[in-house]
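Structure data (mmCIF, C-alpha atoms) from my_file.cif:
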data_run
loop_
_atom_site.label_atom_id
_atom_site.label_comp_id
_atom_site.auth_asym_id
_atom_site.auth_seq_id
_atom_site.Cartn_x
_atom_site.Cartn_y
_atom_site.Cartn_z
CA MET A 1 267.46 181.52 140.33
CA ASP A 2 264.36 179.54 141.26
CA VAL A 3 263.91 178.00 137.84
CA GLN A 4 267.36 176.48 137.84
CA LYS A 5 267.17 175.34 141.45
CA SER A 6 263.98 173.40 140.81
CA ALA A 7 265.56 171.69 137.81
CA HIS A 8 268.65 170.66 139.78
CA ALA A 9 267.04 169.46 142.97
CA PRO A 10 263.54 168.14 142.31
CA SER A 11 261.60 166.85 145.31
CA PRO A 12 258.55 164.58 145.18
CA THR A 13 256.35 167.58 145.91
CA ALA A 14 258.18 169.78 143.43
CA GLU A 15 257.65 167.21 140.69
CA ARG A 16 253.95 167.87 140.85
CA SER A 17 253.93 171.64 141.51
CA ARG A 18 257.22 173.12 140.20
CA PRO A 19 256.65 172.69 136.46
CA ASP A 20 253.76 175.15 136.82
CA VAL A 21 255.97 177.54 138.79
CA THR A 22 258.66 177.24 136.12
CA ARG A 23 256.22 177.89 133.30
CA ARG A 24 254.79 180.81 135.23
CA SER A 25 258.30 182.20 135.89
CA GLN A 26 259.16 181.85 132.22
CA ARG A 27 255.96 183.64 131.24
CA SER A 28 256.65 186.46 133.74
CA ARG A 29 260.19 186.82 132.52
CA GLN A 30 259.08 187.11 128.89
CA ALA A 31 256.33 189.59 129.85
CA ILE A 32 258.92 191.69 131.72
CA TYR A 33 261.33 191.64 128.76
CA GLU A 34 258.58 192.67 126.36
CA ALA A 35 257.32 195.42 128.67
CA ALA A 36 260.85 196.78 129.17
CA LEU A 37 261.62 196.87 125.43
CA ALA A 38 258.26 198.46 124.59
CA LEU A 39 258.56 201.11 127.31
CA VAL A 40 262.10 202.20 126.52
CA ALA A 41 261.10 202.54 122.86
CA GLU A 42 258.05 204.63 123.76
CA VAL A 43 259.28 206.94 126.53
CA GLY A 44 263.08 206.64 126.36
CA TYR A 45 265.49 205.26 128.92
CA PRO A 46 265.34 208.06 131.53
CA LYS A 47 261.54 207.77 131.92
CA THR A 48 261.46 203.97 131.95
CA THR A 49 261.06 202.75 135.54
CA ILE A 50 260.90 199.38 137.28
CA GLU A 51 257.36 200.36 138.41
CA GLY A 52 256.33 201.05 134.82
CA ILE A 53 257.78 197.79 133.57
CA ALA A 54 256.03 195.85 136.38
CA ALA A 55 252.66 197.49 135.68
CA ARG A 56 252.89 196.83 131.95
CA ALA A 57 254.03 193.23 132.44
CA GLY A 58 251.26 192.60 135.00
CA VAL A 59 253.69 191.51 137.73
CA GLY A 60 254.61 192.91 141.13
CA LYS A 61 257.64 195.18 141.46
CA GLN A 62 259.18 192.64 143.83
CA THR A 63 259.14 189.99 141.10
CA ILE A 64 261.45 192.19 139.07
CA TYR A 65 263.75 193.00 142.00
CA ARG A 66 263.99 189.28 142.80
CA TRP A 67 265.66 188.69 139.43
CA TRP A 68 267.41 191.96 138.57
CA SER A 69 269.02 194.79 140.52
CA SER A 70 268.22 197.71 138.15
CA LYS A 71 266.33 198.73 135.03
CA ALA A 72 269.62 198.69 133.13
CA ASP A 73 270.03 195.00 133.98
CA VAL A 74 266.48 194.19 132.88
CA LEU A 75 266.95 196.00 129.57
CA LEU A 76 270.32 194.51 128.76
CA GLU A 77 269.00 191.00 129.43
CA ALA A 78 265.87 191.71 127.40
CA PHE A 79 268.15 192.62 124.49
CA LEU A 80 270.32 189.57 124.84
CA ASP A 81 267.15 187.46 124.81
CA LEU A 82 265.82 189.28 121.72
CA SER A 83 269.11 188.83 119.84
CA GLU A 84 269.28 185.14 120.74
CA GLN A 85 265.68 184.61 119.65
CA ALA A 86 266.39 186.39 116.34
CA ALA A 87 269.51 184.30 115.78
CA ARG A 88 267.66 181.04 116.57
CA ALA A 89 264.82 182.05 114.22
CA ALA A 90 267.40 182.62 111.46
CA GLY A 91 269.01 179.24 112.24
CA GLU A 92 272.31 180.91 113.18
CA ASP A 93 274.81 180.04 115.85
CA THR A 94 275.30 183.27 117.81
CA HIS A 95 278.64 182.12 119.16
CA ALA A 96 280.74 182.10 115.99
CA ILE A 97 281.09 183.61 112.53
CA PRO A 98 281.10 180.82 109.92
CA ASP A 99 284.47 179.83 108.50
CA THR A 100 283.99 178.48 104.99
CA GLY A 101 287.57 179.38 104.09
CA ASP A 102 286.32 182.43 102.14
CA LEU A 103 286.77 185.38 104.50
CA ALA A 104 285.06 187.96 102.27
CA ALA A 105 281.97 185.76 101.79
CA ASP A 106 281.73 184.96 105.51
CA LEU A 107 282.00 188.63 106.57
CA LYS A 108 279.49 189.71 103.93
CA ALA A 109 276.98 187.10 105.10
CA VAL A 110 277.21 188.20 108.74
CA LEU A 111 277.01 191.92 107.89
CA ARG A 112 273.99 191.36 105.62
CA ALA A 113 272.23 189.61 108.53
CA THR A 114 273.18 192.55 110.80
CA VAL A 115 271.67 195.03 108.32
CA ASP A 116 268.43 193.00 108.34
CA GLU A 117 268.40 192.96 112.14
CA LEU A 118 269.02 196.73 112.42
CA ARG A 119 266.13 197.37 110.03
CA ASP A 120 263.76 195.12 112.00
CA PRO A 121 261.24 197.43 113.75
CA ARG A 122 261.06 195.18 116.87
CA TYR A 123 264.74 195.85 117.34
CA GLU A 124 265.13 199.40 116.04
CA ALA A 125 263.41 201.62 118.63
CA PRO A 126 264.56 199.97 121.87
CA TYR A 127 268.11 199.43 120.61
CA ARG A 128 268.30 203.07 119.53
CA ALA A 129 267.00 204.27 122.93
CA LEU A 130 269.59 202.20 124.77
CA ALA A 131 272.45 203.21 122.45
CA ALA A 132 271.54 206.91 122.82
CA GLU A 133 271.49 206.67 126.60
CA GLY A 134 274.86 204.90 126.55
CA VAL A 135 276.37 207.93 124.77
CA VAL A 136 275.61 210.25 127.72
CA ASN A 137 275.33 207.79 130.63
CA GLU A 138 278.81 206.37 131.10
CA GLN A 139 277.83 203.52 133.44
CA LEU A 140 275.09 202.25 131.13
CA GLY A 141 277.38 202.77 128.13
CA ARG A 142 280.01 200.55 129.74
CA ASP A 143 277.46 197.84 130.60
CA PHE A 144 276.09 197.99 127.05
CA LEU A 145 279.65 197.65 125.73
CA THR A 146 280.66 194.78 128.04
CA LYS A 147 277.48 192.74 127.76
CA LEU A 148 276.30 193.40 124.20
CA LEU A 149 278.79 195.09 121.90
CA GLU A 150 282.20 193.68 122.86
CA PRO A 151 281.14 189.98 122.88
CA SER A 152 279.81 190.37 119.35
CA LEU A 153 282.99 192.17 118.21
CA GLN A 154 285.09 189.32 119.66
CA LEU A 155 283.44 186.97 117.14
CA TYR A 156 285.05 189.06 114.38
CA VAL A 157 288.39 188.96 116.22
CA ASP A 158 288.20 185.14 116.23
CA ARG A 159 287.31 184.96 112.53
CA LEU A 160 290.11 187.38 111.57
CA ARG A 161 292.64 185.40 113.65
CA ALA A 162 291.64 182.23 111.77
CA ALA A 163 292.07 184.17 108.50
CA GLN A 164 295.56 185.25 109.62
CA GLU A 165 296.46 181.61 110.28
CA ALA A 166 295.18 180.73 106.81
CA GLY A 167 297.29 183.52 105.27
CA HIS A 168 294.27 185.60 104.18
CA VAL A 169 294.97 188.59 106.45
CA ARG A 170 298.38 190.22 107.02
CA PRO A 171 299.98 188.67 110.09
CA GLU A 172 300.88 192.06 111.60
CA ALA A 173 297.28 193.48 111.48
CA ASP A 174 295.56 193.89 114.86
CA PRO A 175 292.21 192.07 114.46
CA ARG A 176 290.49 194.23 117.12
CA ILE A 177 291.21 197.36 115.07
CA ALA A 178 290.80 195.69 111.67
CA LEU A 179 287.19 194.67 112.34
CA GLU A 180 286.26 198.32 112.92
CA LEU A 181 286.84 199.11 109.22
CA PHE A 182 283.60 197.33 108.30
CA VAL A 183 281.67 197.20 111.61
CA ALA A 184 281.95 200.88 112.58
CA PRO A 185 280.68 202.36 109.27
CA LEU A 186 277.53 200.26 109.61
CA ALA A 187 277.10 201.38 113.23
CA GLN A 188 277.58 205.04 112.32
CA ARG A 189 275.14 204.97 109.39
CA TRP A 190 272.60 203.36 111.65
CA LEU A 191 273.12 205.57 114.72
CA GLN A 192 273.59 208.87 112.87
CA ARG A 193 271.43 208.07 109.79
CA SER A 194 274.35 209.24 107.66
CA GLY A 195 273.56 206.99 104.69
CA PRO A 196 271.38 204.12 103.52
CA LEU A 197 271.93 200.59 104.87
CA SER A 198 271.89 197.84 102.27
CA HIS A 199 273.58 194.55 101.48
CA ALA A 200 275.42 196.23 98.59
CA TYR A 201 276.83 198.78 101.04
CA THR A 202 278.18 196.23 103.55
CA ASP A 203 279.59 194.10 100.68
CA THR A 204 281.47 197.21 99.50
CA LEU A 205 282.85 197.87 102.98
CA VAL A 206 284.25 194.33 103.16
CA ASP A 207 285.87 194.65 99.72
CA TYR A 208 287.43 198.03 100.54
CA ALA A 209 288.68 196.83 103.93
CA LEU A 210 290.26 193.66 102.60
CA HIS A 211 291.82 195.10 99.44
CA GLY A 212 292.49 198.71 100.49
CA LEU A 213 291.79 202.00 98.77
CA ALA A 214 295.24 202.40 97.21
CA PRO A 215 295.84 200.73 93.83
CA ARG A 216 297.54 197.34 94.10
CA MET B 217 269.88 239.85 110.63
CA ASP B 218 270.30 243.26 112.26
CA VAL B 219 274.05 243.07 112.48
CA GLN B 220 274.41 242.37 108.80
CA LYS B 221 271.81 244.91 107.79
CA SER B 222 273.66 247.67 109.64
CA ALA B 223 276.88 246.68 107.93
CA HIS B 224 275.31 246.77 104.50
CA ALA B 225 273.27 249.97 104.80
CA PRO B 226 274.89 252.39 107.22
CA SER B 227 273.10 255.68 107.78
CA PRO B 228 274.64 258.85 109.27
CA THR B 229 272.89 258.06 112.56
CA ALA B 230 273.88 254.45 112.43
CA GLU B 231 277.52 255.39 112.03
CA ARG B 232 277.49 256.88 115.48
CA SER B 233 275.23 254.43 117.31
CA ARG B 234 275.37 251.09 115.48
CA PRO B 235 278.92 250.00 116.35
CA ASP B 236 277.77 249.79 120.00
CA VAL B 237 274.68 247.84 118.96
CA THR B 238 276.84 245.51 116.91
CA ARG B 239 279.28 244.95 119.73
CA ARG B 240 276.37 244.38 122.11
CA SER B 241 274.74 241.95 119.66
CA GLN B 242 278.01 240.08 119.29
CA ARG B 243 278.38 239.85 123.07
CA SER B 244 274.77 238.61 123.45
CA ARG B 245 275.28 236.06 120.73
CA GLN B 246 278.43 234.66 122.38
CA ALA B 247 276.72 234.62 125.79
CA ILE B 248 273.80 232.69 124.28
CA TYR B 249 276.12 230.15 122.61
CA GLU B 250 278.03 229.60 125.82
CA ALA B 251 274.84 229.25 127.88
CA ALA B 252 273.37 226.78 125.39
CA LEU B 253 276.49 224.59 125.32
CA ALA B 254 276.85 224.64 129.12
CA LEU B 255 273.17 223.81 129.70
CA VAL B 256 272.93 220.92 127.26
CA ALA B 257 276.08 219.44 128.82
CA GLU B 258 274.63 219.78 132.32
CA VAL B 259 270.98 218.79 131.95
CA GLY B 260 270.81 217.09 128.54
CA TYR B 261 268.99 218.15 125.41
CA PRO B 262 265.40 217.37 126.49
CA LYS B 263 265.62 219.59 129.59
CA THR B 264 267.42 222.47 127.86
CA THR B 265 264.93 225.26 127.10
CA ILE B 266 265.04 228.64 125.39
CA GLU B 267 263.99 230.15 128.76
CA GLY B 268 266.90 228.44 130.51
CA ILE B 269 269.38 229.58 127.89
CA ALA B 270 268.07 233.18 128.08
CA ALA B 271 268.27 233.27 131.88
CA ARG B 272 271.80 231.91 131.92
CA ALA B 273 272.97 234.23 129.14
CA GLY B 274 271.36 237.25 130.87
CA VAL B 275 269.23 238.16 127.83
CA GLY B 276 265.50 238.29 127.19
CA LYS B 277 263.79 235.27 125.61
CA GLN B 278 262.76 237.52 122.70
CA THR B 279 266.41 238.23 121.88
CA ILE B 280 266.86 234.52 121.23
CA TYR B 281 263.66 234.20 119.20
CA ARG B 282 264.72 237.20 117.08
CA TRP B 283 267.75 235.25 115.85
CA TRP B 284 266.75 231.58 116.04
CA SER B 285 263.52 229.64 115.69
CA SER B 286 264.26 226.75 118.11
CA LYS B 287 266.69 225.46 120.69
CA ALA B 288 268.01 222.99 118.10
CA ASP B 289 268.99 225.94 115.87
CA VAL B 290 270.73 227.72 118.74
CA LEU B 291 272.70 224.61 119.67
CA LEU B 292 273.73 223.72 116.16
CA GLU B 293 274.99 227.27 115.55
CA ALA B 294 276.76 227.29 118.90
CA PHE B 295 278.59 224.15 117.78
CA LEU B 296 279.52 225.53 114.40
CA ASP B 297 280.90 228.60 116.15
CA LEU B 298 282.87 226.45 118.63
CA SER B 299 284.36 224.32 115.82
CA GLU B 300 285.34 227.39 113.82
CA GLN B 301 286.94 228.99 116.88
CA ALA B 302 288.88 225.79 117.57
CA ALA B 303 290.03 225.58 113.96
CA ARG B 304 291.11 229.24 113.93
CA ALA B 305 292.99 228.76 117.22
CA ALA B 306 294.82 225.81 115.64
CA GLY B 307 295.60 227.91 112.56
CA GLU B 308 293.60 225.53 110.33
CA ASP B 309 291.42 226.24 107.34
CA THR B 310 288.10 224.54 108.18
CA HIS B 311 287.11 224.40 104.53
CA ALA B 312 289.66 221.94 103.15
CA ILE B 313 291.90 219.04 104.08
CA PRO B 314 295.52 219.87 103.15
CA ASP B 315 296.85 218.32 99.95
CA THR B 316 300.63 217.90 100.25
CA GLY B 317 300.57 215.09 97.68
CA ASP B 318 300.94 212.51 100.49
CA LEU B 319 297.42 211.22 101.14
CA ALA B 320 298.31 209.08 104.17
CA ALA B 321 300.13 211.96 105.88
CA ASP B 322 297.29 214.43 105.18
CA LEU B 323 294.61 212.07 106.51
CA LYS B 324 296.66 211.23 109.59
CA ALA B 325 297.17 214.92 110.39
CA VAL B 326 293.44 215.70 110.17
CA LEU B 327 292.42 212.64 112.20
CA ARG B 328 295.02 213.44 114.89
CA ALA B 329 293.51 216.93 115.18
CA THR B 330 290.02 215.37 115.41
CA VAL B 331 291.16 213.10 118.24
CA ASP B 332 292.48 216.16 120.11
CA GLU B 333 289.19 217.98 119.56
CA LEU B 334 287.07 215.03 120.75
CA ARG B 335 289.17 214.82 123.92
CA ASP B 336 288.80 218.54 124.65
CA PRO B 337 286.45 218.88 127.65
CA ARG B 338 284.82 222.08 126.30
CA TYR B 339 283.68 220.04 123.35
CA GLU B 340 283.06 216.62 124.86
CA ALA B 341 279.95 217.03 127.02
CA PRO B 342 277.79 219.21 124.77
CA TYR B 343 278.75 217.30 121.62
CA ARG B 344 277.91 214.02 123.32
CA ALA B 345 274.53 215.36 124.50
CA LEU B 346 273.63 216.49 121.00
CA ALA B 347 274.86 213.30 119.34
CA ALA B 348 272.86 211.16 121.82
CA GLU B 349 269.69 213.14 121.20
CA GLY B 350 270.19 212.81 117.43
CA VAL B 351 270.13 209.01 117.81
CA VAL B 352 266.54 209.02 119.13
CA ASN B 353 265.21 212.35 117.79
CA GLU B 354 265.08 211.96 114.02
CA GLN B 355 264.53 215.65 113.19
CA LEU B 356 267.46 216.81 115.31
CA GLY B 357 269.55 213.91 114.00
CA ARG B 358 268.93 215.04 110.43
CA ASP B 359 269.77 218.69 111.25
CA PHE B 360 272.94 217.57 113.02
CA LEU B 361 273.83 215.50 109.96
CA THR B 362 273.10 218.22 107.39
CA LYS B 363 274.68 221.12 109.25
CA LEU B 364 277.59 219.53 111.12
CA LEU B 365 278.50 216.00 110.08
CA GLU B 366 277.97 215.88 106.32
CA PRO B 367 279.84 219.15 105.49
CA SER B 368 282.88 217.83 107.35
CA LEU B 369 282.65 214.44 105.59
CA GLN B 370 282.52 216.22 102.22
CA LEU B 371 286.03 217.58 102.92
CA TYR B 372 287.25 213.96 102.91
CA VAL B 373 285.32 213.30 99.68
CA ASP B 374 287.16 216.23 98.05
CA ARG B 375 290.57 215.05 99.29
CA LEU B 376 289.92 211.46 98.14
CA ARG B 377 288.79 212.69 94.69
CA ALA B 378 292.05 214.66 94.35
CA ALA B 379 293.92 211.48 95.36
CA GLN B 380 292.05 209.52 92.67
CA GLU B 381 293.11 212.09 90.08
CA ALA B 382 296.70 211.75 91.31
CA GLY B 383 296.47 207.94 91.01
CA HIS B 384 296.77 207.32 94.76
CA VAL B 385 293.27 205.86 95.22
CA ARG B 386 291.61 203.27 92.95
CA PRO B 387 289.49 205.08 90.38
CA GLU B 388 286.46 202.83 90.97
CA ALA B 389 286.29 203.46 94.75
CA ASP B 390 283.33 205.56 95.97
CA PRO B 391 284.92 208.34 98.09
CA ARG B 392 281.76 208.81 100.21
CA ILE B 393 281.97 205.16 101.34
CA ALA B 394 285.79 205.02 101.40
CA LEU B 395 286.09 207.81 103.98
CA GLU B 396 283.94 205.82 106.41
CA LEU B 397 286.71 203.23 106.81
CA PHE B 398 288.74 205.67 108.94
CA VAL B 399 286.14 208.24 110.09
CA ALA B 400 283.50 205.83 111.43
CA PRO B 401 285.80 203.79 113.71
CA LEU B 402 286.87 207.01 115.41
CA ALA B 403 283.22 208.09 115.79
CA GLN B 404 282.21 204.72 117.22
CA ARG B 405 285.08 204.57 119.74
CA TRP B 406 284.17 208.04 120.87
CA LEU B 407 280.37 207.59 121.02
CA GLN B 408 280.33 204.05 122.42
CA ARG B 409 283.63 204.22 124.37
CA SER B 410 284.61 200.96 122.68
CA GLY B 411 288.36 201.62 122.73
CA PRO B 412 291.02 204.24 123.47
CA LEU B 413 291.47 207.23 121.15
CA SER B 414 295.06 208.08 120.27
CA HIS B 415 297.13 209.31 117.37
CA ALA B 416 298.63 205.83 116.98
CA TYR B 417 295.12 204.43 116.59
CA THR B 418 294.02 206.84 113.85
CA ASP B 419 297.37 206.40 112.05
CA THR B 420 296.71 202.64 112.04
CA LEU B 421 293.20 203.14 110.64
CA VAL B 422 294.59 205.17 107.73
CA ASP B 423 297.25 202.55 106.97
CA TYR B 424 294.73 199.66 107.08
CA ALA B 425 292.21 201.55 104.94
CA LEU B 426 294.73 202.52 102.27
CA HIS B 427 296.62 199.23 102.06
CA GLY B 428 293.90 196.73 103.00
CA LEU B 429 293.89 193.81 105.42
CA ALA B 430 294.68 191.14 102.83
CA PRO B 431 298.35 190.49 102.01
CA ARG B 432 299.53 192.31 98.87
#
As structure tokens, how would this structure be written, given the file I've shared?
Amino acid sequence: MDVQKSAHAPSPTAERSRPDVTRRSQRSRQAIYEAALALVAEVGYPKTTIEGIAARAGVGKQTIYRWWSSKADVLLEAFLDLSEQAARAAGEDTHAIPDTGDLAADLKAVLRATVDELRDPRYEAPYRALAAEGVVNEQLGRDFLTKLLEPSLQLYVDRLRAAQEAGHVRPEADPRIALELFVAPLAQRWLQRSGPLSHAYTDTLVDYALHGLAPR
Amino acid sequence: MDVQKSAHAPSPTAERSRPDVTRRSQRSRQAIYEAALALVAEVGYPKTTIEGIAARAGVGKQTIYRWWSSKADVLLEAFLDLSEQAARAAGEDTHAIPDTGDLAADLKAVLRATVDELRDPRYEAPYRALAAEGVVNEQLGRDFLTKLLEPSLQLYVDRLRAAQEAGHVRPEADPRIALELFVAPLAQRWLQRSGPLSHAYTDTLVDYALHGLAPR
């Protein structure tokens, strides 16, 4: 995109004028993200349009089409940006789950942070609108899965593999299924409002998943 | 409603004429359920209307309003009816999970049947439309929860309590949270298409939940 090109190949002229263009592009991009998230929360995914996002962001429609091919793309990137901002604000590395050697403590810490994020009103309404649309709109659901959900689940796969190497998880357990024992209950309570979300709840899920329901 | 009233207080006249009325009411009711389920699958919840359901079922709008107060009520009852029909066809008792004394086997059998139901096309599209709407429409979500989801989850609570009494589940485990370890992953894979649904998958969930991920 333009921003990256100007950074890689500065010209004498660009040195004077491009920083303004870059700042302006950055501002437009942020305005578009904010408009997209606000609109989908207010009117739902089906009624959110590129035109509506452009009008609310105060940019031309063509500015949006220059950077993205559809409203789904805009929204998914707006979410990635929001999640990364939230993670940076919390001082977290979004690309790994900590490994302190104590699997239960590490999982509990990450799930407590996820509970806080799901209860954050900036996040709640747009994320809910997108998740609901993904349930009935298979293409969007698959994009949502590939770009947002699956990469975050893979972080649990990596942490569980490390725990298997350390002898803290049975070697024969499939990490991709195992993570669902504590991630999916949280997702269901949030999506279907089937119970309260709290740190005590996610701590309990981790304990049950690691130690099992049957007496030892 | 009328059908029940005629059953409880038959009059000499009613004995001759009411059976026809009852049969006609029953036929109208089924036609309304089928129209409601077909419509919500085709056009989604927001665009499904009482008028549309009436037209498709070949009944007057007032017939629907005589029995139900809103389209949400019609749809939720149509679902309950569909689930009960499916359970009867499978020879199951919808009001309890079997207790053969083998908790793992009983849970696996019920979850296998749930997988089959979720993959049934008659069920898939309307259930998905209603679940998606419940994510963004809090009132419908709560009705869906109270009338459909929570009563079925309580069957697992009962089975897990019996298992606690038999010494097969730790006495300190909370059955309402414990059941989420195997029910929620199935719900998430189905709603978010985050992995294949199979009997082998739900069997694995039950084994992981009962025995835990940590080595014993």
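Counting all atoms listed in the file and comparing B:Ser286, B:Leu296, B:Gly274, B:Ile266, the residue that lies closest to Lys363 (chain B) is B:Leu296.
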How close does each residue of chain B get to chain A, giving the shortest atom pair and distance in Å to one decimal for every residue with an atom at most 8 Å away, counting only C-alpha atoms, sorted by chain and residue number, as CSV?
residue,atom,partner,partner_atom,distance
B:Arg344,CA,A:Val136,CA,6.2
B:Ala345,CA,A:Val136,CA,6.1
B:Ala347,CA,A:Val135,CA,7.8
B:Ala348,CA,A:Ala132,CA,4.6
B:Glu349,CA,A:Ala132,CA,6.7
B:Gly350,CA,A:Gln192,CA,6.9
B:Val351,CA,A:Leu191,CA,5.5
B:Val352,CA,A:Ala129,CA,6.1
B:Gly357,CA,A:Gln192,CA,6.6
B:Arg358,CA,A:Arg193,CA,7.4
B:Leu361,CA,A:Ser194,CA,6.7
B:Glu366,CA,A:Ser194,CA,7.7
B:Gly383,CA,A:Pro215,CA,7.8
B:His384,CA,A:Ala214,CA,5.7
B:Val385,CA,A:Ala214,CA,4.5
B:Arg386,CA,A:Pro215,CA,5.0
B:Ala389,CA,A:Leu213,CA,7.0
B:Ile393,CA,A:Leu205,CA,7.5
B:Ala394,CA,A:Leu213,CA,7.2
B:Glu396,CA,A:Pro185,CA,5.5
B:Leu397,CA,A:Leu181,CA,4.8
B:Phe398,CA,A:Leu181,CA,6.8
B:Ala400,CA,A:Pro185,CA,5.0
B:Pro401,CA,A:Ala184,CA,5.0
B:Ala403,CA,A:Gln188,CA,7.3
B:Gln404,CA,A:Ala184,CA,6.0
B:Leu407,CA,A:Val135,CA,5.5
B:Gln408,CA,A:Val135,CA,6.0
B:Arg409,CA,A:Gly141,CA,7.4
B:Ser410,CA,A:Leu145,CA,6.7
B:Leu421,CA,A:Ile177,CA,7.5
B:Tyr424,CA,A:Gly212,CA,7.0
B:Ala425,CA,A:Gly212,CA,5.3
B:Leu426,CA,A:Leu213,CA,4.6
B:His427,CA,A:Gly212,CA,4.4
B:Gly428,CA,A:Gly212,CA,3.5
B:Leu429,CA,A:Leu210,CA,4.6
B:Ala430,CA,A:Val169,CA,4.4
B:Pro431,CA,A:Arg170,CA,5.0
B:Arg432,CA,A:Arg216,CA,7.2
Separation of CA of Pro314 (chain B) from CA of Pro196 (chain A), in Å and rounded to one decimal: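 Between CA of Pro314 (chain B) and CA of Pro196 (chain A) the gap is 28.8 Å.
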Residue among A:Thr48, A:Thr63, A:Gln30, A:Thr100 lying closest to Glu77 (chain A), counting only C-alpha atoms: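 Ranking A:Thr48, A:Thr63, A:Gln30, A:Thr100 by distance to Glu77 (chain A), first place goes to A:Gln30.
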Near-region 247-255 of chain B list (12 Å; all atoms listed in the file; drop same-chain fewer than 3 positions) as a PyMOL selection string: chain B and resi 240-244+258-277+279-281+283-284+286-298+337-346
Put those residues in a file: C-alpha atoms, as a PDB file, in the coordinates of the input.
ATOM      1  CA  ARG B 240     276.370 244.380 122.110  1.00  0.00           C
ATOM      2  CA  SER B 241     274.740 241.950 119.660  1.00  0.00           C
ATOM      3  CA  GLN B 242     278.010 240.080 119.290  1.00  0.00           C
ATOM      4  CA  ARG B 243     278.380 239.850 123.070  1.00  0.00           C
ATOM      5  CA  SER B 244     274.770 238.610 123.450  1.00  0.00           C
ATOM      6  CA  GLU B 258     274.630 219.780 132.320  1.00  0.00           C
ATOM      7  CA  VAL B 259     270.980 218.790 131.950  1.00  0.00           C
ATOM      8  CA  GLY B 260     270.810 217.090 128.540  1.00  0.00           C
ATOM      9  CA  TYR B 261     268.990 218.150 125.410  1.00  0.00           C
ATOM     10  CA  PRO B 262     265.400 217.370 126.490  1.00  0.00           C
ATOM     11  CA  LYS B 263     265.620 219.590 129.590  1.00  0.00           C
ATOM     12  CA  THR B 264     267.420 222.470 127.860  1.00  0.00           C
ATOM     13  CA  THR B 265     264.930 225.260 127.100  1.00  0.00           C
ATOM     14  CA  ILE B 266     265.040 228.640 125.390  1.00  0.00           C
ATOM     15  CA  GLU B 267     263.990 230.150 128.760  1.00  0.00           C
ATOM     16  CA  GLY B 268     266.900 228.440 130.510  1.00  0.00           C
ATOM     17  CA  ILE B 269     269.380 229.580 127.890  1.00  0.00           C
ATOM     18  CA  ALA B 270     268.070 233.180 128.080  1.00  0.00           C
ATOM     19  CA  ALA B 271     268.270 233.270 131.880  1.00  0.00           C
ATOM     20  CA  ARG B 272     271.800 231.910 131.920  1.00  0.00           C
ATOM     21  CA  ALA B 273     272.970 234.230 129.140  1.00  0.00           C
ATOM     22  CA  GLY B 274     271.360 237.250 130.870  1.00  0.00           C
ATOM     23  CA  VAL B 275     269.230 238.160 127.830  1.00  0.00           C
ATOM     24  CA  GLY B 276     265.500 238.290 127.190  1.00  0.00           C
ATOM     25  CA  LYS B 277     263.790 235.270 125.610  1.00  0.00           C
ATOM     26  CA  THR B 279     266.410 238.230 121.880  1.00  0.00           C
ATOM     27  CA  ILE B 280     266.860 234.520 121.230  1.00  0.00           C
ATOM     28  CA  TYR B 281     263.660 234.200 119.200  1.00  0.00           C
ATOM     29  CA  TRP B 283     267.750 235.250 115.850  1.00  0.00           C
ATOM     30  CA  TRP B 284     266.750 231.580 116.040  1.00  0.00           C
ATOM     31  CA  SER B 286     264.260 226.750 118.110  1.00  0.00           C
ATOM     32  CA  LYS B 287     266.690 225.460 120.690  1.00  0.00           C
ATOM     33  CA  ALA B 288     268.010 222.990 118.100  1.00  0.00           C
ATOM     34  CA  ASP B 289     268.990 225.940 115.870  1.00  0.00           C
ATOM     35  CA  VAL B 290     270.730 227.720 118.740  1.00  0.00           C
ATOM     36  CA  LEU B 291     272.700 224.610 119.670  1.00  0.00           C
ATOM     37  CA  LEU B 292     273.730 223.720 116.160  1.00  0.00           C
ATOM     38  CA  GLU B 293     274.990 227.270 115.550  1.00  0.00           C
ATOM     39  CA  ALA B 294     276.760 227.290 118.900  1.00  0.00           C
ATOM     40  CA  PHE B 295     278.590 224.150 117.780  1.00  0.00           C
ATOM     41  CA  LEU B 296     279.520 225.530 114.400  1.00  0.00           C
ATOM     42  CA  ASP B 297     280.900 228.600 116.150  1.00  0.00           C
ATOM     43  CA  LEU B 298     282.870 226.450 118.630  1.00  0.00           C
ATOM     44  CA  PRO B 337     286.450 218.880 127.650  1.00  0.00           C
ATOM     45  CA  ARG B 338     284.820 222.080 126.300  1.00  0.00           C
ATOM     46  CA  TYR B 339     283.680 220.040 123.350  1.00  0.00           C
ATOM     47  CA  GLU B 340     283.060 216.620 124.860  1.00  0.00           C
ATOM     48  CA  ALA B 341     279.950 217.030 127.020  1.00  0.00           C
ATOM     49  CA  PRO B 342     277.790 219.210 124.770  1.00  0.00           C
ATOM     50  CA  TYR B 343     278.750 217.300 121.620  1.00  0.00           C
ATOM     51  CA  ARG B 344     277.910 214.020 123.320  1.00  0.00           C
ATOM     52  CA  ALA B 345     274.530 215.360 124.500  1.00  0.00           C
ATOM     53  CA  LEU B 346     273.630 216.490 121.000  1.00  0.00           C
TER      54      LEU B 346
END
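CA of Leu118 (chain A) sits 9.0 Å away from CA of Leu197 (chain A).
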Atom pair CA of Arg112 (chain A) / CA of Asp203 (chain A): separation (Å):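 Straight-line distance from CA of Arg112 (chain A) to CA of Asp203 (chain A) works out to 8.0 Å.
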Given 3 Å on each side, where is the centre and what are the edge lengths in Å to one decimal of the axis-aligned box enclosing the listed atoms of region 159-175 of chain A, as lines of an AutoDock Vina configuration file?
center_x = 294.1
center_y = 187.3
center_z = 109.5
size_x = 19.6
size_y = 19.2
size_z = 16.7
